Amino acid sequence: MEELRFVDACEEAHFAAMSAIHCRGWHKTYPGYVPEDYLREAITPDHWIPLFREQYQTGQGRGLLLYRGDCPVACCTYGSARAEADSPYAGCGELFSFYTDPAETSRGYGSLLMEETLSRLSAMGFSRCCVFVLRENAGARRFYQRHGFSWDGSSIDIPFPHEMICVDLRYTKALSAPDK
């Protein structure tokens with residue numbers, strides 16, 4: 001069995017691998033939920049590279065990849081929650097994105113990545129974590145629930161082309177204090 005290892009995203013090859021996994025995840029998960037032409041034209045393998053590069057350069061987010069040997073199989077981005085100072089989510093950690101390559105699902109990679117990411121958020125001093133998930137994405141909602149997240153009743157509307165609105169539900173979880 002090939003070795004599994006975590007890699008902090010810090011170079012172009014990492015950002016490209018993450019973007020490609022996101023692209024494949026979107027194309028597998030979101031047909032029928034976001035406009036087909038948007039998926040076809042905007043969601044390309046290099047779509048997220050500039051965002052991941054900027055998050056890394058500005059410190060506004062961190063990227064983490066899980067590799068099996070030399071093959072990236074899952075990735076996420078995380079950091080301080082995108083929330084106003086007076087929001088109940090200020091000071092909370094957030095999973096900005098979380099994807100397992102569709103060809104690599106059902107092997108436990110997502111769970112390994114989740115455990116590592118939550119541990120890192122806890123070590124960064126966050127006592128809570130949140131993540132937004134598409135209301136219709138039942139598989140992701142079950143995954144987050146298995147990892148202790150629950151819907152807190154809040155949601156946000158995400159506008160897409162053709163006046164389509166998707167609804168993201170906010171799931172939250174208390175984090176364990178880091179081991180000393």
# chains A, B, ... in the order shown; residues from 1 in each chain; ligands from 1

call {"tool": "residues_around", "arguments": {"residues": "Leu169 of chain A", "least_positions_apart": "2", "cutoff": "12 Å", "atoms": "only C-alpha atoms", "output": "list in words"}}
result
Cys130, Val131, Phe132, Val133, Leu134, Arg135, Glu136, Asn137, Ala138, Ala140, Arg141, Tyr144, Phe149, Ser150, Trp151, Asp152, Gly153, Ser154, Ser155, Ile156, Asp157, Ile158, Cys166, Val167, Tyr171 and Thr172 of chain A

call {"tool": "write_last_selection", "arguments": {"atoms": "C-alpha atoms", "output": "mmCIF file, in the first residue's frame"}}
result
data_model
loop_
_atom_site.group_PDB
_atom_site.id
_atom_site.type_symbol
_atom_site.label_atom_id
_atom_site.label_comp_id
_atom_site.auth_asym_id
_atom_site.auth_seq_id
_atom_site.Cartn_x
_atom_site.Cartn_y
_atom_site.Cartn_z
ATOM 1 C CA CYS A 130 -18.185 26.002 10.528
ATOM 2 C CA VAL A 131 -18.630 24.899 6.942
ATOM 3 C CA PHE A 132 -21.170 25.786 4.275
ATOM 4 C CA VAL A 133 -22.702 22.947 2.280
ATOM 5 C CA LEU A 134 -25.148 23.019 -0.620
ATOM 6 C CA ARG A 135 -28.617 22.208 0.705
ATOM 7 C CA GLU A 136 -29.113 19.537 -1.973
ATOM 8 C CA ASN A 137 -25.736 17.865 -1.349
ATOM 9 C CA ALA A 138 -27.060 15.092 0.875
ATOM 10 C CA ALA A 140 -21.719 15.989 2.009
ATOM 11 C CA ARG A 141 -24.284 16.787 4.682
ATOM 12 C CA TYR A 144 -20.188 16.437 8.006
ATOM 13 C CA PHE A 149 -21.162 18.902 12.553
ATOM 14 C CA SER A 150 -24.809 19.897 12.679
ATOM 15 C CA TRP A 151 -26.851 22.465 10.793
ATOM 16 C CA ASP A 152 -27.253 25.522 12.991
ATOM 17 C CA GLY A 153 -30.362 26.783 11.169
ATOM 18 C CA SER A 154 -28.566 29.480 9.165
ATOM 19 C CA SER A 155 -28.031 29.634 5.433
ATOM 20 C CA ILE A 156 -26.829 31.952 2.700
ATOM 21 C CA ASP A 157 -28.037 32.412 -0.850
ATOM 22 C CA ILE A 158 -25.402 31.995 -3.553
ATOM 23 C CA CYS A 166 -28.288 28.024 -4.586
ATOM 24 C CA VAL A 167 -28.687 27.755 -0.842
ATOM 25 C CA TYR A 171 -22.927 23.437 9.699
ATOM 26 C CA THR A 172 -20.993 23.985 12.942
#

call {"tool": "atom_distance", "arguments": {"atom1": "atom CA of Gly110 of chain A", "atom2": "atom CA of Glu36 of chain A"}}
result
26.5 Å

call {"tool": "residues_around", "arguments": {"residues": "Ala90 of chain A", "least_positions_apart": "6", "cutoff": "12 Å", "atoms": "only C-alpha atoms", "output": "list in words"}}
result
Gly79, Ser80, Ala81, Arg82, Ala83, Glu84, Phe126, Ser127, Arg128, Cys129 and Cys130 of chain A

call {"tool": "select_by_dssp", "arguments": {"residues": "chain A", "states": "alpha helix (DSSP H)", "output": "MDAnalysis selection string"}}
result
chainID A and resid 12:29 36:41 49:58 109:123 138:146

call {"tool": "select_by_dssp", "arguments": {"residues": "segment 11-169 of chain A", "states": "strand (DSSP E or B)", "output": "PyMOL selection string"}}
result
chain A and resi 31+34+62-68+71-80+93-100+128-134+150-160+164-169

call {"tool": "closest_residue", "arguments": {"among": "A:Arg107, A:His14, A:Arg170, A:Arg40", "to": "Cys75 of chain A", "atoms": "only C-alpha atoms"}}
result
A:His14

call {"tool": "closest_atom_pairs", "arguments": {"of": "segment 75-115 of chain A", "to": "segment 21-30 of chain A", "cutoff": "7 Å", "atoms": "only C-alpha atoms", "output": "Markdown table"}}
result
| residue | atom | partner | partner_atom | distance |
| --- | --- | --- | --- | --- |
| A:Tyr99 | CA | A:His22 | CA | 6.2 |
| A:Thr100 | CA | A:Ile21 | CA | 7.0 |
| A:Asp101 | CA | A:Ile21 | CA | 5.2 |
| A:Pro102 | CA | A:Gly25 | CA | 6.0 |

call {"tool": "write_last_selection", "arguments": {"atoms": "N, CA and C atoms", "output": "PDB file, in the first residue's frame"}}
result
ATOM      1  N   TYR A  99     -12.805  18.664  -0.546  1.00  0.00           N
ATOM      2  CA  TYR A  99     -13.118  17.752  -1.644  1.00  0.00           C
ATOM      3  C   TYR A  99     -12.204  16.538  -1.629  1.00  0.00           C
ATOM      4  N   THR A 100     -12.800  15.383  -1.879  1.00  0.00           N
ATOM      5  CA  THR A 100     -12.058  14.175  -2.202  1.00  0.00           C
ATOM      6  C   THR A 100     -12.239  13.968  -3.695  1.00  0.00           C
ATOM      7  N   ASP A 101     -11.168  13.603  -4.378  1.00  0.00           N
ATOM      8  CA  ASP A 101     -11.278  13.340  -5.804  1.00  0.00           C
ATOM      9  C   ASP A 101     -12.361  12.281  -6.006  1.00  0.00           C
ATOM     10  N   PRO A 102     -13.321  12.517  -6.907  1.00  0.00           N
ATOM     11  CA  PRO A 102     -14.410  11.541  -7.098  1.00  0.00           C
ATOM     12  C   PRO A 102     -13.918  10.116  -7.402  1.00  0.00           C
TER      13      PRO A 102
END

call {"tool": "closest_residue", "arguments": {"among": "A:Leu64, A:Ala174, A:Cys76, A:Ala20", "to": "Ile43 of chain A", "atoms": "only C-alpha atoms"}}
result
A:Ala20

call {"tool": "residues_around", "arguments": {"residues": "segment 112-116 of chain A", "least_positions_apart": "2", "cutoff": "8 Å", "atoms": "only C-alpha atoms", "output": "VMD selection string"}}
result
chain A and resid 65 to 66 74 to 76 108 to 110 118 to 120 147

call {"tool": "atom_distance", "arguments": {"atom1": "atom CA of Val34 of chain A", "atom2": "atom CA of Phe15 of chain A"}}
result
23.7 Å

call {"tool": "residues_around", "arguments": {"residues": "segment 53-58 of chain A", "least_positions_apart": "5", "cutoff": "12 Å", "atoms": "only C-alpha atoms", "output": "list of chain:residue names"}}
result
A:Asp8, A:Ala9, A:Cys10, A:Glu11, A:Glu12, A:Ala13, A:His14, A:Phe15, A:Ala16, A:Met18, A:Ser19, A:Asp46, A:His47, A:Trp48, A:Gly63, A:Leu64, A:Thr77, A:Tyr78, A:Gly79, A:Ser80, A:Phe96

call {"tool": "write_last_selection", "arguments": {"atoms": "N, CA and C atoms", "output": "mmCIF file, in the first residue's frame"}}
result
data_model
loop_
_atom_site.group_PDB
_atom_site.id
_atom_site.type_symbol
_atom_site.label_atom_id
_atom_site.label_comp_id
_atom_site.auth_asym_id
_atom_site.auth_seq_id
_atom_site.Cartn_x
_atom_site.Cartn_y
_atom_site.Cartn_z
ATOM 1 N N ASP A 8 1.142 20.687 3.086
ATOM 2 C CA ASP A 8 0.628 22.053 3.134
ATOM 3 C C ASP A 8 0.799 22.680 1.760
ATOM 4 N N ALA A 9 -0.270 23.209 1.216
ATOM 5 C CA ALA A 9 -0.228 23.816 -0.115
ATOM 6 C C ALA A 9 0.558 25.122 -0.049
ATOM 7 N N CYS A 10 1.669 25.175 -0.791
ATOM 8 C CA CYS A 10 2.521 26.362 -0.735
ATOM 9 C C CYS A 10 3.202 26.657 -2.069
ATOM 10 N N GLU A 11 2.857 25.922 -3.117
ATOM 11 C CA GLU A 11 3.487 26.162 -4.415
ATOM 12 C C GLU A 11 2.474 25.890 -5.525
ATOM 13 N N GLU A 12 2.819 26.353 -6.721
ATOM 14 C CA GLU A 12 1.900 26.275 -7.854
ATOM 15 C C GLU A 12 1.398 24.851 -8.115
ATOM 16 N N ALA A 13 2.260 23.863 -8.015
ATOM 17 C CA ALA A 13 1.830 22.481 -8.271
ATOM 18 C C ALA A 13 0.753 22.051 -7.279
ATOM 19 N N HIS A 14 0.855 22.504 -6.042
ATOM 20 C CA HIS A 14 -0.164 22.189 -5.039
ATOM 21 C C HIS A 14 -1.477 22.872 -5.383
ATOM 22 N N PHE A 15 -1.391 24.163 -5.727
ATOM 23 C CA PHE A 15 -2.613 24.913 -6.058
ATOM 24 C C PHE A 15 -3.303 24.291 -7.274
ATOM 25 N N ALA A 16 -2.509 23.852 -8.250
ATOM 26 C CA ALA A 16 -3.068 23.224 -9.452
ATOM 27 C C ALA A 16 -3.737 21.890 -9.113
ATOM 28 N N MET A 18 -5.024 20.993 -6.226
ATOM 29 C CA MET A 18 -6.243 21.297 -5.482
ATOM 30 C C MET A 18 -7.353 21.766 -6.417
ATOM 31 N N SER A 19 -7.011 22.656 -7.336
ATOM 32 C CA SER A 19 -7.998 23.184 -8.271
ATOM 33 C C SER A 19 -8.594 22.072 -9.127
ATOM 34 N N ASP A 46 -8.169 24.681 -13.826
ATOM 35 C CA ASP A 46 -7.329 25.748 -13.269
ATOM 36 C C ASP A 46 -8.131 26.893 -12.645
ATOM 37 N N HIS A 47 -9.433 26.729 -12.540
ATOM 38 C CA HIS A 47 -10.330 27.796 -12.059
ATOM 39 C C HIS A 47 -9.921 28.401 -10.710
ATOM 40 N N TRP A 48 -9.539 27.564 -9.750
ATOM 41 C CA TRP A 48 -9.283 28.037 -8.377
ATOM 42 C C TRP A 48 -7.819 28.360 -8.101
ATOM 43 N N GLY A 63 -4.158 25.812 2.626
ATOM 44 C CA GLY A 63 -4.561 24.656 1.848
ATOM 45 C C GLY A 63 -3.852 23.427 2.363
ATOM 46 N N LEU A 64 -4.542 22.308 2.330
ATOM 47 C CA LEU A 64 -3.972 21.048 2.783
ATOM 48 C C LEU A 64 -4.373 19.960 1.797
ATOM 49 N N THR A 77 -9.382 23.741 2.081
ATOM 50 C CA THR A 77 -8.851 25.035 2.499
ATOM 51 C C THR A 77 -9.572 25.409 3.789
ATOM 52 N N TYR A 78 -8.859 26.082 4.666
ATOM 53 C CA TYR A 78 -9.414 26.390 5.981
ATOM 54 C C TYR A 78 -8.745 27.632 6.553
ATOM 55 N N GLY A 79 -9.362 28.201 7.584
ATOM 56 C CA GLY A 79 -8.798 29.360 8.254
ATOM 57 C C GLY A 79 -9.828 30.014 9.149
ATOM 58 N N SER A 80 -9.614 31.291 9.410
ATOM 59 C CA SER A 80 -10.536 32.063 10.234
ATOM 60 C C SER A 80 -11.824 32.302 9.452
ATOM 61 N N PHE A 96 -13.292 26.253 4.266
ATOM 62 C CA PHE A 96 -13.764 27.006 3.096
ATOM 63 C C PHE A 96 -14.151 26.054 1.969
#

call {"tool": "atom_distance", "arguments": {"atom1": "atom CA of Gln145 of chain A", "atom2": "atom CA of Ser111 of chain A"}}
result
11.7 Å

call {"tool": "closest_residue", "arguments": {"among": "A:Pro161, A:Leu39, A:Lys173, A:Gly91", "to": "Gly125 of chain A", "atoms": "only C-alpha atoms"}}
result
A:Gly91

call {"tool": "residues_around", "arguments": {"residues": "Asp70 of chain A", "least_positions_apart": "5", "cutoff": "12 Å", "atoms": "only C-alpha atoms", "output": "PyMOL selection string"}}
result
chain A and resi 2-7+13-14+17+65

call {"tool": "closest_residue", "arguments": {"among": "A:Arg68, A:Arg62, A:His162, A:Arg146", "to": "Glu104 of chain A", "atoms": "only C-alpha atoms"}}
result
A:Arg68

call {"tool": "decode", "arguments": {"residues": "segment 88-163 of chain A", "atoms": "C-alpha atoms", "output": "compact mmCIF listing (two decimals), in the first residue's frame"}}
result
# COMPACT_ATOMS: atom_id res chain seq x y z
CA PRO A 88 -21.69 35.07 16.19
CA TYR A 89 -19.17 33.33 13.89
CA ALA A 90 -16.37 35.85 14.49
CA GLY A 91 -13.43 34.01 15.98
CA CYS A 92 -14.65 30.71 14.59
CA GLY A 93 -12.60 28.48 12.28
CA GLU A 94 -14.01 27.62 8.87
CA LEU A 95 -13.59 24.92 6.28
CA PHE A 96 -13.76 27.01 3.10
CA SER A 97 -13.68 24.00 0.78
CA PHE A 98 -13.35 20.27 1.20
CA TYR A 99 -13.12 17.75 -1.64
CA THR A 100 -12.06 14.18 -2.20
CA ASP A 101 -11.28 13.34 -5.80
CA PRO A 102 -14.41 11.54 -7.10
CA ALA A 103 -12.22 8.65 -8.31
CA GLU A 104 -10.89 8.23 -4.74
CA THR A 105 -14.06 8.30 -2.62
CA SER A 106 -15.15 5.60 -0.15
CA ARG A 107 -11.56 4.88 0.92
CA GLY A 108 -11.52 6.92 4.13
CA TYR A 109 -9.43 9.77 2.67
CA GLY A 110 -12.02 12.42 3.47
CA SER A 111 -12.18 11.30 7.09
CA LEU A 112 -8.39 11.37 7.44
CA LEU A 113 -8.27 14.85 5.95
CA MET A 114 -11.13 16.03 8.18
CA GLU A 115 -9.46 14.77 11.36
CA GLU A 116 -6.18 16.45 10.44
CA THR A 117 -7.83 19.74 9.48
CA LEU A 118 -9.94 19.93 12.63
CA SER A 119 -6.82 19.20 14.70
CA ARG A 120 -5.01 22.04 12.93
CA LEU A 121 -7.90 24.47 13.46
CA SER A 122 -7.94 23.55 17.15
CA ALA A 123 -4.17 24.09 17.37
CA MET A 124 -4.70 27.52 15.79
CA GLY A 125 -6.87 28.39 18.82
CA PHE A 126 -10.35 27.95 17.37
CA SER A 127 -12.96 26.41 19.68
CA ARG A 128 -15.59 26.10 16.95
CA CYS A 129 -15.62 25.39 13.23
CA CYS A 130 -18.19 26.00 10.53
CA VAL A 131 -18.63 24.90 6.94
CA PHE A 132 -21.17 25.79 4.27
CA VAL A 133 -22.70 22.95 2.28
CA LEU A 134 -25.15 23.02 -0.62
CA ARG A 135 -28.62 22.21 0.71
CA GLU A 136 -29.11 19.54 -1.97
CA ASN A 137 -25.74 17.87 -1.35
CA ALA A 138 -27.06 15.09 0.87
CA GLY A 139 -23.82 13.10 0.71
CA ALA A 140 -21.72 15.99 2.01
CA ARG A 141 -24.28 16.79 4.68
CA ARG A 142 -24.12 13.18 5.93
CA PHE A 143 -20.31 13.29 5.85
CA TYR A 144 -20.19 16.44 8.01
CA GLN A 145 -22.77 15.00 10.41
CA ARG A 146 -20.66 11.84 10.82
CA HIS A 147 -17.82 14.15 11.85
CA GLY A 148 -19.86 15.92 14.51
CA PHE A 149 -21.16 18.90 12.55
CA SER A 150 -24.81 19.90 12.68
CA TRP A 151 -26.85 22.47 10.79
CA ASP A 152 -27.25 25.52 12.99
CA GLY A 153 -30.36 26.78 11.17
CA SER A 154 -28.57 29.48 9.17
CA SER A 155 -28.03 29.63 5.43
CA ILE A 156 -26.83 31.95 2.70
CA ASP A 157 -28.04 32.41 -0.85
CA ILE A 158 -25.40 31.99 -3.55
CA PRO A 159 -26.29 33.71 -6.84
CA PHE A 160 -25.36 31.98 -10.09
CA PRO A 161 -25.91 32.98 -13.72
CA HIS A 162 -29.43 32.82 -15.17
CA GLU A 163 -30.84 34.16 -11.89
